[in-house]
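> Below is entry.cif; it holds mmCIF, C-alpha atoms.
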data_model
loop_
_atom_site.label_atom_id
_atom_site.label_comp_id
_atom_site.auth_asym_id
_atom_site.auth_seq_id
_atom_site.Cartn_x
_atom_site.Cartn_y
_atom_site.Cartn_z
CA MET W 835 0.00 0.00 0.00
CA ALA W 836 1.32 3.49 -0.94
CA ARG W 837 2.53 5.91 1.73
CA TRP W 838 -0.39 8.30 1.31
CA ALA W 839 -2.89 5.58 2.04
CA PRO W 840 -3.32 5.82 5.82
CA ASP W 841 -3.87 9.60 5.65
CA THR W 842 -6.49 9.38 2.94
CA ARG W 843 -8.17 6.57 4.76
CA GLU W 844 -8.31 8.53 8.00
CA ARG W 845 -9.47 11.63 6.16
CA LEU W 846 -12.31 9.68 4.60
CA ARG W 847 -13.21 8.15 7.93
CA ALA W 848 -13.23 11.53 9.68
CA ALA W 849 -15.37 13.10 6.93
CA ALA W 850 -17.83 10.21 7.08
CA MET W 851 -18.10 10.40 10.88
CA GLU W 852 -18.75 14.14 10.76
CA LEU W 853 -21.50 13.67 8.20
CA PHE W 854 -23.07 10.73 10.03
CA ALA W 855 -23.16 12.90 13.17
CA GLU W 856 -24.69 15.85 11.26
CA ARG W 857 -27.20 14.04 9.04
CA GLY W 858 -27.44 10.49 10.29
CA PHE W 859 -26.09 7.35 8.70
CA GLU W 860 -28.89 6.68 6.21
CA ALA W 861 -28.98 10.23 4.85
CA THR W 862 -25.23 10.37 4.20
CA THR W 863 -24.10 9.15 0.78
CA VAL W 864 -20.71 8.16 -0.58
CA PRO W 865 -20.70 11.29 -2.85
CA ASP W 866 -21.27 13.42 0.29
CA ILE W 867 -18.32 11.75 2.00
CA VAL W 868 -15.90 12.12 -0.91
CA GLU W 869 -16.90 15.76 -1.37
CA ARG W 870 -16.22 16.54 2.29
CA ALA W 871 -12.90 14.66 2.22
CA GLY W 872 -11.86 16.25 -1.08
CA VAL W 873 -11.13 12.98 -2.84
CA THR W 874 -12.69 11.08 -5.73
CA ARG W 875 -15.32 8.39 -5.52
CA ARG W 876 -12.76 5.94 -6.86
CA THR W 877 -10.44 6.75 -3.98
CA PHE W 878 -13.26 5.99 -1.54
CA PHE W 879 -13.78 2.57 -3.06
CA ARG W 880 -10.06 1.88 -3.00
CA HIS W 881 -10.29 2.14 0.79
CA PHE W 882 -13.76 0.86 1.68
CA GLY W 883 -16.07 -1.71 0.10
CA ASP W 884 -19.11 0.42 0.95
CA LYS W 885 -20.43 3.07 3.34
CA ARG W 886 -20.82 0.58 6.16
CA GLU W 887 -17.15 -0.42 6.00
CA VAL W 888 -16.14 3.02 7.26
CA PHE W 889 -17.22 1.76 10.70
CA PHE W 890 -15.10 -1.33 10.59
CA GLY W 891 -11.40 -1.87 10.09
CA ASP W 892 -12.13 -3.86 6.90
CA ASP W 893 -10.10 -6.99 7.30
CA GLU W 894 -7.62 -5.42 9.67
CA ILE W 895 -8.62 -7.45 12.71
CA PRO W 896 -8.83 -10.86 10.99
CA ARG W 897 -5.44 -10.04 9.37
CA LEU W 898 -3.92 -9.26 12.77
CA ALA W 899 -5.46 -12.46 14.16
CA ASP W 900 -3.81 -14.42 11.38
CA GLN W 901 -0.43 -12.81 12.13
CA MET W 902 -0.82 -13.48 15.86
CA LEU W 903 -1.58 -17.14 15.21
CA ALA W 904 1.36 -17.50 12.85
CA ALA W 905 3.78 -15.76 15.23
CA ALA W 906 2.85 -17.63 18.44
CA PRO W 907 5.23 -20.41 19.53
CA ALA W 908 3.78 -23.90 19.20
CA ASP W 909 3.42 -24.48 22.95
CA VAL W 910 1.22 -21.43 23.64
CA PRO W 911 -2.33 -22.63 24.45
CA PRO W 912 -5.03 -21.49 21.99
CA PHE W 913 -6.92 -19.13 24.27
CA ALA W 914 -3.69 -17.44 25.46
CA ILE W 915 -2.91 -16.44 21.86
CA ALA W 916 -6.23 -14.65 21.39
CA TRP W 917 -6.07 -13.15 24.86
CA SER W 918 -2.63 -11.64 24.40
CA GLY W 919 -3.66 -10.41 20.94
CA PHE W 920 -6.67 -8.63 22.46
CA GLN W 921 -4.47 -6.98 25.11
CA THR W 922 -2.19 -5.60 22.40
CA LEU W 923 -5.09 -4.55 20.19
CA ALA W 924 -6.77 -2.79 23.12
CA ALA W 925 -3.68 -0.92 24.27
CA GLU W 926 -2.20 -0.02 20.90
CA ARG W 927 -5.14 0.40 18.54
CA PHE W 928 -8.36 0.94 20.45
CA GLU W 929 -7.50 2.91 23.59
CA PRO W 930 -5.60 5.72 21.75
CA ARG W 931 -8.72 6.29 19.58
CA ARG W 932 -11.18 5.79 22.41
CA HIS W 933 -13.44 8.76 21.75
CA GLU W 934 -13.81 8.08 18.03
CA MET W 935 -14.20 4.33 18.43
CA ALA W 936 -16.77 4.57 21.19
CA ALA W 937 -18.77 7.05 19.10
CA ALA W 938 -18.58 4.70 16.10
CA ARG W 939 -19.75 1.80 18.25
CA ARG W 940 -22.76 3.77 19.47
CA VAL W 941 -23.73 4.48 15.85
CA ILE W 942 -23.29 0.77 15.01
CA GLU W 943 -25.62 -0.18 17.84
CA SER W 944 -28.30 2.23 16.65
CA GLU W 945 -28.31 1.22 12.96
CA PRO W 946 -29.70 -2.18 11.92
CA ALA W 947 -27.58 -2.23 8.74
CA LEU W 948 -24.43 -1.67 10.79
CA ARG W 949 -25.39 -4.17 13.49
CA GLU W 950 -25.85 -6.74 10.73
CA ARG W 951 -22.40 -5.99 9.29
CA ASP W 952 -20.92 -6.08 12.80
CA LEU W 953 -22.38 -9.57 13.34
CA GLN W 954 -20.85 -10.64 10.04
CA LYS W 955 -17.45 -9.25 11.09
CA GLN W 956 -17.63 -11.17 14.35
CA ALA W 957 -18.48 -14.36 12.46
CA ASP W 958 -15.55 -13.74 10.08
CA LEU W 959 -13.15 -13.29 12.99
CA ARG W 960 -14.51 -16.45 14.62
CA ALA W 961 -13.91 -18.35 11.36
CA VAL W 962 -10.35 -16.99 10.97
CA LEU W 963 -9.50 -17.97 14.55
CA THR W 964 -11.08 -21.42 14.21
CA GLU W 965 -9.15 -22.07 10.99
CA GLY W 966 -5.92 -20.72 12.48
CA TYR W 967 -6.20 -22.97 15.53
CA ARG W 968 -7.00 -25.97 13.34
CA ALA W 969 -3.88 -25.19 11.30
CA ARG W 970 -1.87 -25.27 14.55
CA GLY W 971 -3.16 -28.78 15.22
CA VAL W 972 -5.86 -27.87 17.75
CA ASP W 973 -8.76 -30.34 17.84
CA ALA W 974 -11.87 -29.16 15.93
CA LEU W 975 -14.22 -28.72 18.89
CA ARG W 976 -11.60 -26.95 20.99
CA ALA W 977 -10.72 -24.64 18.07
CA ARG W 978 -14.37 -23.66 17.59
CA VAL W 979 -15.01 -23.18 21.31
CA VAL W 980 -11.92 -21.03 21.90
CA ALA W 981 -12.78 -18.88 18.88
CA GLY W 982 -16.40 -18.47 20.05
CA VAL W 983 -15.41 -17.57 23.61
CA ALA W 984 -12.70 -15.15 22.43
CA VAL W 985 -14.94 -13.27 19.98
CA ASP W 986 -17.82 -12.99 22.43
CA LEU W 987 -15.43 -11.80 25.13
CA LEU W 988 -13.94 -9.10 22.87
CA GLN W 989 -17.38 -8.02 21.66
CA THR W 990 -18.84 -7.76 25.15
CA ALA W 991 -15.83 -5.80 26.40
CA LEU W 992 -16.08 -3.39 23.45
CA GLU W 993 -19.78 -2.81 24.18
CA GLN W 994 -19.06 -2.14 27.86
CA TRP W 995 -16.18 0.18 26.99
CA ALA W 996 -18.23 2.16 24.46
CA GLY W 997 -20.96 2.73 27.03
CA ASP W 998 -18.58 3.47 29.89
CA THR W 999 -18.65 7.11 31.01
CA ALA W 1000 -16.14 6.50 33.82
CA GLY W 1001 -13.23 6.09 31.39
CA THR W 1002 -12.24 2.57 32.47
CA PRO W 1003 -9.67 1.25 29.95
CA LEU W 1004 -10.64 -1.48 27.51
CA VAL W 1005 -8.04 -3.87 28.96
CA GLU W 1006 -9.85 -3.66 32.27
CA HIS W 1007 -13.21 -4.37 30.63
CA LEU W 1008 -11.63 -7.39 28.93
CA GLU W 1009 -10.44 -8.64 32.32
CA ARG W 1010 -13.87 -8.11 33.92
CA VAL W 1011 -15.71 -9.89 31.13
CA ARG W 1012 -13.25 -12.78 31.29
CA ARG W 1013 -13.82 -13.15 35.04
CA GLU W 1014 -17.61 -13.05 34.59
CA MET W 1015 -17.50 -15.66 31.84
CA ALA W 1016 -15.32 -17.98 33.91
CA ASP W 1017 -17.61 -17.48 36.89
CA VAL W 1018 -20.76 -18.24 34.86
CA LEU W 1019 -19.29 -21.53 33.63
CA ALA W 1020 -17.58 -22.58 36.86
CA MET R 949 -53.62 -19.56 16.42
CA ALA R 950 -56.20 -21.81 14.68
CA ARG R 951 -56.00 -25.57 14.95
CA TRP R 952 -54.99 -26.09 11.32
CA ALA R 953 -51.93 -23.87 11.69
CA PRO R 954 -49.20 -26.33 12.73
CA ASP R 955 -50.12 -28.71 9.89
CA THR R 956 -50.04 -26.01 7.23
CA ARG R 957 -46.82 -24.70 8.62
CA GLU R 958 -45.19 -28.13 8.56
CA ARG R 959 -46.55 -28.78 5.07
CA LEU R 960 -45.02 -25.53 3.85
CA ARG R 961 -41.75 -26.33 5.53
CA ALA R 962 -41.60 -29.82 4.04
CA ALA R 963 -42.43 -28.52 0.54
CA ALA R 964 -39.75 -25.84 0.83
CA MET R 965 -37.12 -28.31 2.03
CA GLU R 966 -37.89 -30.70 -0.85
CA LEU R 967 -37.55 -27.87 -3.36
CA PHE R 968 -34.36 -26.52 -1.79
CA ALA R 969 -32.90 -30.03 -2.01
CA GLU R 970 -34.00 -30.41 -5.66
CA ARG R 971 -33.16 -26.94 -7.02
CA GLY R 972 -31.11 -25.18 -4.41
CA PHE R 973 -32.12 -22.34 -2.13
CA GLU R 974 -31.64 -19.42 -4.54
CA ALA R 975 -33.54 -21.03 -7.41
CA THR R 976 -36.60 -21.85 -5.27
CA THR R 977 -39.27 -19.15 -5.09
CA VAL R 978 -42.20 -18.59 -2.74
CA PRO R 979 -44.64 -19.34 -5.66
CA ASP R 980 -42.84 -22.69 -6.16
CA ILE R 981 -43.23 -23.51 -2.47
CA VAL R 982 -46.93 -22.62 -2.26
CA GLU R 983 -47.65 -24.58 -5.43
CA ARG R 984 -45.94 -27.68 -4.04
CA ALA R 985 -47.70 -27.32 -0.68
CA GLY R 986 -51.07 -26.65 -2.29
CA VAL R 987 -51.75 -23.43 -0.40
CA THR R 988 -52.00 -19.76 -1.34
CA ARG R 989 -49.23 -17.20 -1.28
CA ARG R 990 -51.14 -15.40 1.45
CA THR R 991 -51.06 -18.52 3.60
CA PHE R 992 -47.29 -18.70 3.17
CA PHE R 993 -46.88 -15.15 4.43
CA ARG R 994 -49.20 -15.83 7.36
CA HIS R 995 -46.63 -18.38 8.51
CA PHE R 996 -43.27 -17.01 7.39
CA GLY R 997 -41.93 -13.50 6.90
CA ASP R 998 -39.93 -14.60 3.86
CA LYS R 999 -38.25 -17.61 2.23
CA ARG R 1000 -35.38 -17.55 4.68
CA GLU R 1001 -37.70 -17.86 7.68
CA VAL R 1002 -38.61 -21.39 6.63
CA PHE R 1003 -35.23 -22.37 8.09
CA PHE R 1004 -35.83 -20.77 11.42
CA GLY R 1005 -38.55 -21.17 13.99
CA ASP R 1006 -39.52 -17.50 13.54
CA ASP R 1007 -39.73 -16.17 17.05
CA GLU R 1008 -40.36 -19.55 18.58
CA ILE R 1009 -37.04 -19.77 20.44
CA PRO R 1010 -37.01 -16.19 21.80
CA ARG R 1011 -40.65 -16.75 22.86
CA LEU R 1012 -39.71 -19.96 24.69
CA ALA R 1013 -36.77 -18.12 26.28
CA ASP R 1014 -39.14 -15.46 27.54
CA GLN R 1015 -41.45 -18.10 29.01
CA MET R 1016 -38.53 -19.90 30.66
CA LEU R 1017 -37.35 -16.68 32.25
CA ALA R 1018 -40.81 -15.80 33.49
CA ALA R 1019 -41.46 -19.29 34.89
CA ALA R 1020 -38.14 -19.76 36.75
CA PRO R 1021 -38.23 -19.24 40.54
CA ALA R 1022 -36.40 -16.11 41.70
CA ASP R 1023 -33.51 -18.02 43.31
CA VAL R 1024 -32.45 -19.94 40.17
CA PRO R 1025 -29.09 -18.54 38.94
CA PRO R 1026 -29.19 -16.94 35.45
CA PHE R 1027 -27.10 -19.49 33.60
CA ALA R 1028 -29.06 -22.40 35.10
CA ILE R 1029 -32.27 -21.04 33.55
CA ALA R 1030 -30.82 -21.00 30.03
CA TRP R 1031 -29.11 -24.34 30.55
CA SER R 1032 -32.24 -26.15 31.66
CA GLY R 1033 -34.17 -24.48 28.83
CA PHE R 1034 -31.63 -25.81 26.30
CA GLN R 1035 -31.91 -29.34 27.74
CA THR R 1036 -35.68 -29.26 27.28
CA LEU R 1037 -35.44 -27.69 23.83
CA ALA R 1038 -32.90 -30.31 22.74
CA ALA R 1039 -34.84 -33.30 24.03
CA GLU R 1040 -38.35 -32.22 23.10
CA ARG R 1041 -38.00 -30.11 19.96
CA PHE R 1042 -34.69 -30.74 18.26
CA GLU R 1043 -33.81 -34.41 18.79
CA PRO R 1044 -37.18 -35.78 17.52
CA ARG R 1045 -36.63 -33.85 14.25
CA ARG R 1046 -32.92 -34.56 14.06
CA HIS R 1047 -32.69 -35.54 10.42
CA GLU R 1048 -34.69 -32.56 9.14
CA MET R 1049 -33.00 -30.06 11.46
CA ALA R 1050 -29.49 -31.22 10.69
CA ALA R 1051 -30.24 -31.01 6.95
CA ALA R 1052 -31.63 -27.49 7.39
CA ARG R 1053 -28.52 -26.47 9.34
CA ARG R 1054 -26.25 -27.73 6.58
CA VAL R 1055 -28.19 -25.61 4.06
CA ILE R 1056 -27.91 -22.59 6.41
CA GLU R 1057 -24.16 -23.03 6.59
CA SER R 1058 -23.83 -23.16 2.81
CA GLU R 1059 -25.94 -20.06 2.00
CA PRO R 1060 -24.62 -16.59 2.87
CA ALA R 1061 -28.16 -15.14 3.04
CA LEU R 1062 -29.16 -17.81 5.55
CA ARG R 1063 -25.97 -17.51 7.58
CA GLU R 1064 -26.67 -13.79 7.87
CA ARG R 1065 -30.23 -14.43 9.08
CA ASP R 1066 -28.91 -17.06 11.49
CA LEU R 1067 -26.49 -14.52 13.00
CA GLN R 1068 -29.39 -12.11 13.39
CA LYS R 1069 -31.47 -14.79 15.13
CA GLN R 1070 -28.61 -15.48 17.53
CA ALA R 1071 -28.31 -11.76 18.29
CA ASP R 1072 -32.08 -11.56 18.87
CA LEU R 1073 -31.97 -14.47 21.30
CA ARG R 1074 -29.00 -12.88 23.08
CA ALA R 1075 -30.98 -9.63 23.41
CA VAL R 1076 -34.11 -11.42 24.72
CA LEU R 1077 -32.04 -13.28 27.31
CA THR R 1078 -30.14 -10.15 28.36
CA GLU R 1079 -33.39 -8.20 28.77
CA GLY R 1080 -35.04 -11.09 30.60
CA TYR R 1081 -32.18 -11.38 33.08
CA ARG R 1082 -32.16 -7.62 33.63
CA ALA R 1083 -35.89 -7.81 34.36
CA ARG R 1084 -35.13 -10.44 37.01
CA GLY R 1085 -32.73 -8.02 38.69
CA VAL R 1086 -29.48 -9.47 37.32
CA ASP R 1087 -26.66 -6.90 37.05
CA ALA R 1088 -26.12 -5.57 33.50
CA LEU R 1089 -22.68 -7.07 32.83
CA ARG R 1090 -23.65 -10.46 34.25
CA ALA R 1091 -26.87 -10.47 32.19
CA ARG R 1092 -24.95 -9.76 28.96
CA VAL R 1093 -22.22 -12.30 29.71
CA VAL R 1094 -24.63 -15.12 30.59
CA ALA R 1095 -26.65 -14.43 27.45
CA GLY R 1096 -23.51 -14.38 25.28
CA VAL R 1097 -22.13 -17.60 26.76
CA ALA R 1098 -25.50 -19.36 26.52
CA VAL R 1099 -26.14 -18.43 22.88
CA ASP R 1100 -22.62 -19.34 21.77
CA LEU R 1101 -22.87 -22.63 23.64
CA LEU R 1102 -26.20 -23.53 21.98
CA GLN R 1103 -24.94 -22.47 18.57
CA THR R 1104 -21.71 -24.46 18.82
CA ALA R 1105 -23.56 -27.56 20.03
CA LEU R 1106 -26.06 -27.28 17.15
CA GLU R 1107 -23.19 -27.04 14.64
CA GLN R 1108 -21.48 -30.10 16.13
CA TRP R 1109 -24.75 -32.05 16.19
CA ALA R 1110 -25.59 -31.19 12.57
CA GLY R 1111 -22.18 -32.42 11.42
CA ASP R 1112 -22.18 -35.50 13.64
CA THR R 1113 -22.50 -38.76 11.72
CA ALA R 1114 -22.21 -40.89 14.86
CA GLY R 1115 -25.69 -39.93 16.07
CA THR R 1116 -24.60 -38.44 19.41
CA PRO R 1117 -27.63 -36.68 20.95
CA LEU R 1118 -27.74 -32.89 21.10
CA VAL R 1119 -27.85 -32.92 24.91
CA GLU R 1120 -24.50 -34.65 24.91
CA HIS R 1121 -23.04 -32.08 22.51
CA LEU R 1122 -24.33 -29.34 24.81
CA GLU R 1123 -22.55 -31.00 27.73
CA ARG R 1124 -19.29 -31.36 25.76
CA VAL R 1125 -19.31 -27.75 24.60
CA ARG R 1126 -20.03 -26.57 28.13
CA ARG R 1127 -17.07 -28.55 29.49
CA GLU R 1128 -14.78 -27.19 26.75
CA MET R 1129 -15.86 -23.61 27.41
CA ALA R 1130 -15.31 -23.97 31.16
CA ASP R 1131 -11.93 -25.53 30.51
CA VAL R 1132 -10.85 -22.73 28.13
CA LEU R 1133 -11.70 -20.08 30.71
CA ALA R 1134 -10.43 -21.91 33.79
#
Can you turn what I pasted into structure tokens?

Amino acid sequence: MARWAPDTRERLRAAAMELFAERGFEATTVPDIVERAGVTRRTFFRHFGDKREVFFGDDEIPRLADQMLAAAPADVPPFAIAWSGFQTLAAERFEPRRHEMAAARRVIESEPALRERDLQKQADLRAVLTEGYRARGVDALRARVVAGVAVDLLQTALEQWAGDTAGTPLVEHLERVRREMADVLA
Amino acid sequence: MARWAPDTRERLRAAAMELFAERGFEATTVPDIVERAGVTRRTFFRHFGDKREVFFGDDEIPRLADQMLAAAPADVPPFAIAWSGFQTLAAERFEPRRHEMAAARRVIESEPALRERDLQKQADLRAVLTEGYRARGVDALRARVVAGVAVDLLQTALEQWAGDTAGTPLVEHLERVRREMADVLA
């Protein structure tokens, strides 16, 4: 990807978020977004598949999950790989953009079309993790269960974090959700 | 609901499944289904919102979840309510229709439009359970976590059961998935 790419991408994202806040998600069109960002329609589609993708990191998270799985030494247990990946993701990618990400998540929760895409993204991540574990030799049921638990844990923590007015960091929400899940199943 | 309803509903479902098996899901239309079942188009839409709904029990499962939550004594812990509901659902509704349900699940997994609807159904059930627990006085995080764990557990067990050629009952798959989940989080 060319060097200008991240800037353009962020510019498009910022323009889209402004417009969604001003006019609502449905009323904002791709032409509106490219006009505000000062780029062409073609540039938009080089960065995002459609208007809904502005809310999601495209395939960024599944790609990171793939890298995590490939980089982890063979003796690391499956859940520990996802867990340490989430810690890194939370601290390095999500927490520094807390305000913007929490706002985006609130829009996602209020728009059926975005909730639907969000569910699809979660299912994609679950599939990438399941496949990745299988490729590491993890038994099929264990691979599916770890992936399911990990994705639901991340999702629940993100929801809690987006609705949290006390400013508790995402890593702490992850920890709380993990404890609750363990407690429920104990 | 009138006395004829379950029969018509099952007749429509059987006709649809036959056609999906013969022609595939995409190529089968609602007019094809009503012709095969010998009913009117209006009758179809009295029973199902659209072609995809034939694969799902409409709001049957969320409705049962609601009933379960309302009927459980106040001192039953949240996860135990879902768990005992799943046992009943498995034994009384799913296992007696194993062949048909497993076939339907395989079609769901092979059709993006059905997978999408399935994800939405899971999210709806999660929301019904979360709301139901909240209404029983369960703390917000616990309510969300129990609902998430329960839905993922049911979903994983259904997937395993649908792909199981050894004939292991669904209740046993539920038990296995529960043990795996507890073990992952221990």
> Would you mind telling me which residue in W:Tyr967, W:Phe878, W:Trp995, W:Phe859 lies nearest to Phe928 of chain W when using all atoms listed in the file?
W:Trp995
> What does the structure give for the distance between atom CA of Ala938 of chain W and atom CA of Leu1073 of chain R, in Å to one decimal?
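Separation of atom CA of Ala938 of chain W and atom CA of Leu1073 of chain R: 24.0 Å.
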> Using only C-alpha atoms, pick whichever of W:Gln994, W:Val962, W:Glu1006, W:Val972 has the shortest atom-to-atom distance to Asp909 of chain W.
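Using only C-alpha atoms, the shortest distance to Asp909 of chain W belongs to W:Val972.
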> Assuming the chain letters and numbering stay as they are in my file, what does the PyMOL selection byres ((chain W) within 7 of (chain R)) actually select? List them as a ChimeraX atom specification.
/W:913,950,953-954,976,979-980,982,986,1014-1016,1018-1020
> Running the PyMOL selection byres ((chain R and resi 1016) around 12) on this model by hand, what would come out? Give it as a PyMOL selection string.
chain R and resi 1009-1015+1017-1022+1024+1026-1037+1076-1077+1080-1081+1084
> Suppose we keep C-alpha atoms; can you now write the selection as a tab-separated table (two decimals), in the frame of the given file?

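Result went into out_24.tsv, see below:
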chain	number	residue	atom	x	y	z
R	1009	ILE	CA	-37.04	-19.77	20.44
R	1010	PRO	CA	-37.01	-16.19	21.80
R	1011	ARG	CA	-40.65	-16.75	22.86
R	1012	LEU	CA	-39.71	-19.96	24.69
R	1013	ALA	CA	-36.77	-18.12	26.28
R	1014	ASP	CA	-39.14	-15.46	27.54
R	1015	GLN	CA	-41.45	-18.10	29.01
R	1017	LEU	CA	-37.35	-16.68	32.25
R	1018	ALA	CA	-40.81	-15.80	33.49
R	1019	ALA	CA	-41.46	-19.29	34.89
R	1020	ALA	CA	-38.14	-19.76	36.75
R	1021	PRO	CA	-38.23	-19.24	40.54
R	1022	ALA	CA	-36.40	-16.11	41.70
R	1024	VAL	CA	-32.45	-19.94	40.17
R	1026	PRO	CA	-29.19	-16.94	35.45
R	1027	PHE	CA	-27.10	-19.49	33.60
R	1028	ALA	CA	-29.06	-22.40	35.10
R	1029	ILE	CA	-32.27	-21.04	33.55
R	1030	ALA	CA	-30.82	-21.00	30.03
R	1031	TRP	CA	-29.11	-24.34	30.55
R	1032	SER	CA	-32.24	-26.15	31.66
R	1033	GLY	CA	-34.17	-24.48	28.83
R	1034	PHE	CA	-31.63	-25.81	26.30
R	1035	GLN	CA	-31.91	-29.34	27.74
R	1036	THR	CA	-35.68	-29.26	27.28
R	1037	LEU	CA	-35.44	-27.69	23.83
R	1076	VAL	CA	-34.11	-11.42	24.72
R	1077	LEU	CA	-32.04	-13.28	27.31
R	1080	GLY	CA	-35.04	-11.09	30.60
R	1081	TYR	CA	-32.18	-11.38	33.08
R	1084	ARG	CA	-35.13	-10.44	37.01
> Applying the PyMOL selection byres ((chain W and resi 846) around 12) to the file I just gave you, which residues come out? Please list them as a ChimeraX atom specification.
/W:839-845,847-853,864-875,877-882,885,887-889
> Include C-alpha atoms and write out the residues we just selected as a PDB file, in the coordinates of the input.

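Dumped everything to part_30.pdb:
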ATOM      1  CA  ALA W 839      -2.890   5.580   2.040  1.00  0.00           C
ATOM      2  CA  PRO W 840      -3.320   5.820   5.820  1.00  0.00           C
ATOM      3  CA  ASP W 841      -3.870   9.600   5.650  1.00  0.00           C
ATOM      4  CA  THR W 842      -6.490   9.380   2.940  1.00  0.00           C
ATOM      5  CA  ARG W 843      -8.170   6.570   4.760  1.00  0.00           C
ATOM      6  CA  GLU W 844      -8.310   8.530   8.000  1.00  0.00           C
ATOM      7  CA  ARG W 845      -9.470  11.630   6.160  1.00  0.00           C
ATOM      8  CA  ARG W 847     -13.210   8.150   7.930  1.00  0.00           C
ATOM      9  CA  ALA W 848     -13.230  11.530   9.680  1.00  0.00           C
ATOM     10  CA  ALA W 849     -15.370  13.100   6.930  1.00  0.00           C
ATOM     11  CA  ALA W 850     -17.830  10.210   7.080  1.00  0.00           C
ATOM     12  CA  MET W 851     -18.100  10.400  10.880  1.00  0.00           C
ATOM     13  CA  GLU W 852     -18.750  14.140  10.760  1.00  0.00           C
ATOM     14  CA  LEU W 853     -21.500  13.670   8.200  1.00  0.00           C
ATOM     15  CA  VAL W 864     -20.710   8.160  -0.580  1.00  0.00           C
ATOM     16  CA  PRO W 865     -20.700  11.290  -2.850  1.00  0.00           C
ATOM     17  CA  ASP W 866     -21.270  13.420   0.290  1.00  0.00           C
ATOM     18  CA  ILE W 867     -18.320  11.750   2.000  1.00  0.00           C
ATOM     19  CA  VAL W 868     -15.900  12.120  -0.910  1.00  0.00           C
ATOM     20  CA  GLU W 869     -16.900  15.760  -1.370  1.00  0.00           C
ATOM     21  CA  ARG W 870     -16.220  16.540   2.290  1.00  0.00           C
ATOM     22  CA  ALA W 871     -12.900  14.660   2.220  1.00  0.00           C
ATOM     23  CA  GLY W 872     -11.860  16.250  -1.080  1.00  0.00           C
ATOM     24  CA  VAL W 873     -11.130  12.980  -2.840  1.00  0.00           C
ATOM     25  CA  THR W 874     -12.690  11.080  -5.730  1.00  0.00           C
ATOM     26  CA  ARG W 875     -15.320   8.390  -5.520  1.00  0.00           C
ATOM     27  CA  THR W 877     -10.440   6.750  -3.980  1.00  0.00           C
ATOM     28  CA  PHE W 878     -13.260   5.990  -1.540  1.00  0.00           C
ATOM     29  CA  PHE W 879     -13.780   2.570  -3.060  1.00  0.00           C
ATOM     30  CA  ARG W 880     -10.060   1.880  -3.000  1.00  0.00           C
ATOM     31  CA  HIS W 881     -10.290   2.140   0.790  1.00  0.00           C
ATOM     32  CA  PHE W 882     -13.760   0.860   1.680  1.00  0.00           C
ATOM     33  CA  LYS W 885     -20.430   3.070   3.340  1.00  0.00           C
ATOM     34  CA  GLU W 887     -17.150  -0.420   6.000  1.00  0.00           C
ATOM     35  CA  VAL W 888     -16.140   3.020   7.260  1.00  0.00           C
ATOM     36  CA  PHE W 889     -17.220   1.760  10.700  1.00  0.00           C
TER      37      PHE W 889
END
> What is the atom CA of Glu943 of chain W to atom CA of Asp1066 of chain R distance in Å?
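Between atom CA of Glu943 of chain W and atom CA of Asp1066 of chain R the gap works out to 18.3 Å.
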> Can you work out the spacing between atom CA of Pro1044 of chain R and atom CA of Pro1060 of chain R in Å, to one decimal?
27.2 Å
> Kindly compute an axis-aligned box around the listed atoms of segment 1111-1118 of chain R, allowing 3 Å on each side, and express its centre and edge lengths in Å to one decimal as AutoDock Vina command-line options.

--center_x -25.0 --center_y -36.7 --center_z 16.3 --size_x 11.6 --size_y 14.5 --size_z 15.7
